[in-house]
Amino acid sequence: MASYDERAIFETCESAIRSYCRNFPAVFTSAKGASLTDTSGRRYIDFLSGAGTLNYGHNHPAIKQRVLDYLASDGIVHSLDLHTTAKQRFIEELISTILRPRGLDYRIAFSGPTGANSVELALKFARCATRRHNVVAFTNAYHGMSQGALAVSGTRSKREGAGMPLAGVTRLPYDGYLGDADTADLLEKMLDDHGSGLDLPAAIILETVQGEGGLNTASGPWLRRVRQIASRHDIVLIVDDIQAGCGRTGTFFSFETMGFTPDIICLSKALGGMGMPLSVVLLRPDLDVLAPGQHNGTFRGNNLAFVAGTAALEMWRKTSFEASIQDVAARVRGKLADIVELHPGHGAHVRGRGLLSGIGWTNAAIAGRVSKEAYARGLIVETSGAEGQVLKLMPPLTISPQELEAGLAIVEEVVAAVVVADVPHNRHAVLEDATANASM
Ligand SMILES: *Cc1c(COP(=O)(O)O)cnc(C)c1O
């Protein structure tokens with residue numbers, strides 16, 4: 001079948017904002033676990049996982065069965081925010097399996113189905129609770145594409161897409177942005193110094209690992225200092241755990257091993273279990289200041305997502321689930337370290353944390369070439385970072401050892417092929433590296 005014809009309807013009828021499908025243009029038909037199939041029957045290994053939405057893989061059998069049973073029983077599908085047993089069970093599971101065992105006491109606010117909805121609501125809570133408007137956000141942050149979420153995000157081209165000023169935000173450098181300098185010093189100084197020009201913020205919003213921003217990681221000491229600084233100035237600390245949460249870094253929340261607790265947490269992506277849209281804001285009870293209906297939305301009662309999300313959270317009842325994620329992460333990180341050691345050119349280095357890891361290069365083009373060539377060999381793996389300079393591996397947390405090995409083998413082969421192909425242009429590449437280093 002000519003793939004040109006298959007894609008014509010998308011290319012001629014769908015808006016130019018199409019994004020992922022440009023790099024992975026197959027027309028997909030079905031998927032199971034970490035495997036996708038296209039119309040020609042070709043199989044792909046999925047290391048994209050819906051950018052962290054498919055943490056339990058495609059159509060996880062236990063999750064899917066619960067959704068099928070629920071539909072078969074005429075369970076209510078849409079309910080605005082009416083009480084339903086599906087929603088009740090989801091809340092109970094979130095509290096008993098995730099929050100209480102971790103000693104966390106948060107109210108649960110259903111924000112609307114997307115991650116951006118969750119970020120918007122988190123910002124509303126912080127602004128209304130503190131009666132301040134400014135928010136501190138960090139370089140290379142990604143928080144979503146609606147106006148408020150875009151205002152706290154960093155990517156220039158995406159911000160330009162707003163078509164209007166994105167106000168109410170002060171940008172400060174994330175951990176590591178200025179090399180060895182501790183950027184928490186700057187945050188502290190600017191908040192303490194009444195001449196700094198920094199309006200006292202309602203909130204500081206951050207990701208502990210910047211998934212879209214290039215797998216930049218914040219250290220425990222930096223995060224704990226930001227926590228202390230926020231507390232001292234009565235600033236609400238929001239952790240956007242939409243991508244790094246739900247087990248991606250090896251624990252349910254990405255901050256669990258970092259020795260601090262946020263005031264507000266945004267969760268989405270994998271929360272809906274098998275790709276069902278579901279988002280929440282978890283907030284300190286005293287920040288729950290909005291009036292009834294002051295935030296609302298038609299799709300805050302997606303009961304299929306509650307059912308799937310509950311089935312997914314149940315996997316966390318066994319502590320062995322966390323250990324199994326950490327085993328997979330250790331395997332991935334070990335392989336990435338080996339690849340970097342074998343092919344150290346272009347400043348190759350391992351980035352990220354847990355199963356939100358990858359390889360960065362100073363020559364930004366390398367990651368894109370690796371992604372493209374990996375796709376040709378049947379592996380879907382994307383790039384991240386402002387220049388697309390990082391190859392980002394996000395296999396399902398539940399991937400089988402065989403599929404993991406097969407996917408990693410493709411990464412290894414392709415990196416070798418791309419780096420070798422780059423040899424004739426070596427002089428050029430060295431120059432590119434020098435420029436990249438100079439601008440860092
Ligand atoms: C994906 C993502 C969002 C936005 O979620 P959408 O569902 O795409 O609106 C926000 N923050 C982070 C960290 C994300 O990865």
# chains A, B, ... in the order shown; residues from 1 in each chain; ligands from 1
>>> residues_near_ligand(ligand="ligand 1", cutoff="10 Å", atoms="only C-alpha atoms and all ligand atoms", output="PyMOL selection string")
chain A and resi 50-53+112-120+141-146+149-150+153+206-213+239-245+266-269+277-279
>>> residues_around(residues="Leu187 of chain A", least_positions_apart="5", cutoff="10 Å", atoms="only C-alpha atoms", output="ChimeraX atom specification")
/A:136,172-174,182,192,198,225-226,229-230
>>> atom_distance(atom1="atom CA of Glu373 of chain A", atom2="atom CA of Gly33 of chain A")
22.4 Å
>>> residues_around(residues="segment 14-23 of chain A", least_positions_apart="2", cutoff="9 Å", atoms="only C-alpha atoms", output="ChimeraX atom specification")
/A:9-12,25-27,371-372,375,382
>>> residues_around(residues="Arg317 of chain A", least_positions_apart="4", cutoff="10 Å", atoms="only C-alpha atoms", output="PDB file with N, CA and C atoms, in the first residue's frame")
ATOM      1  N   GLU A  93      -8.511   5.239  46.146  1.00  0.00           N
ATOM      2  CA  GLU A  93      -7.262   4.556  45.789  1.00  0.00           C
ATOM      3  C   GLU A  93      -6.082   5.524  45.835  1.00  0.00           C
ATOM      4  N   SER A  96      -5.419   6.043  49.620  1.00  0.00           N
ATOM      5  CA  SER A  96      -4.941   4.900  50.415  1.00  0.00           C
ATOM      6  C   SER A  96      -3.639   4.316  49.871  1.00  0.00           C
ATOM      7  N   THR A  97      -3.448   4.347  48.548  1.00  0.00           N
ATOM      8  CA  THR A  97      -2.252   3.697  47.978  1.00  0.00           C
ATOM      9  C   THR A  97      -1.100   4.676  47.771  1.00  0.00           C
ATOM     10  N   ILE A  98      -1.427   5.932  47.466  1.00  0.00           N
ATOM     11  CA  ILE A  98      -0.355   6.880  47.128  1.00  0.00           C
ATOM     12  C   ILE A  98      -0.114   7.902  48.250  1.00  0.00           C
ATOM     13  N   PRO A 101       0.312   6.446  52.504  1.00  0.00           N
ATOM     14  CA  PRO A 101       1.577   5.767  52.808  1.00  0.00           C
ATOM     15  C   PRO A 101       2.796   6.692  52.733  1.00  0.00           C
ATOM     16  N   ALA A 312      -4.721   1.340  37.481  1.00  0.00           N
ATOM     17  CA  ALA A 312      -3.275   1.607  37.415  1.00  0.00           C
ATOM     18  C   ALA A 312      -2.705   1.855  38.814  1.00  0.00           C
ATOM     19  N   LEU A 313      -3.402   2.660  39.612  1.00  0.00           N
ATOM     20  CA  LEU A 313      -2.893   2.957  40.966  1.00  0.00           C
ATOM     21  C   LEU A 313      -2.813   1.693  41.820  1.00  0.00           C
ATOM     22  N   PHE A 321       6.511  -3.069  42.847  1.00  0.00           N
ATOM     23  CA  PHE A 321       6.327  -2.371  41.571  1.00  0.00           C
ATOM     24  C   PHE A 321       7.396  -1.289  41.410  1.00  0.00           C
ATOM     25  N   GLU A 322       7.626  -0.532  42.498  1.00  0.00           N
ATOM     26  CA  GLU A 322       8.665   0.513  42.441  1.00  0.00           C
ATOM     27  C   GLU A 322      10.031  -0.095  42.143  1.00  0.00           C
TER      28      GLU A 322
END
>>> closest_residue(among="A:Ala311, A:Val236, A:Leu290, A:Ala218", to="Ala270 of chain A", atoms="only C-alpha atoms")
A:Ala311
>>> select_by_dssp(residues="segment 294-378 of chain A", states="alpha helix (DSSP H)", output="number ranges by chain")
A: 303-314, 320-342, 365-376
>>> residues_around(residues="Ala323 of chain A", least_positions_apart="6", cutoff="10 Å", atoms="only C-alpha atoms", output="ChimeraX atom specification")
/A:250-251,329
>>> atom_distance(atom1="atom CA of Ile95 of chain A", atom2="atom CA of Thr310 of chain A")
11.0 Å
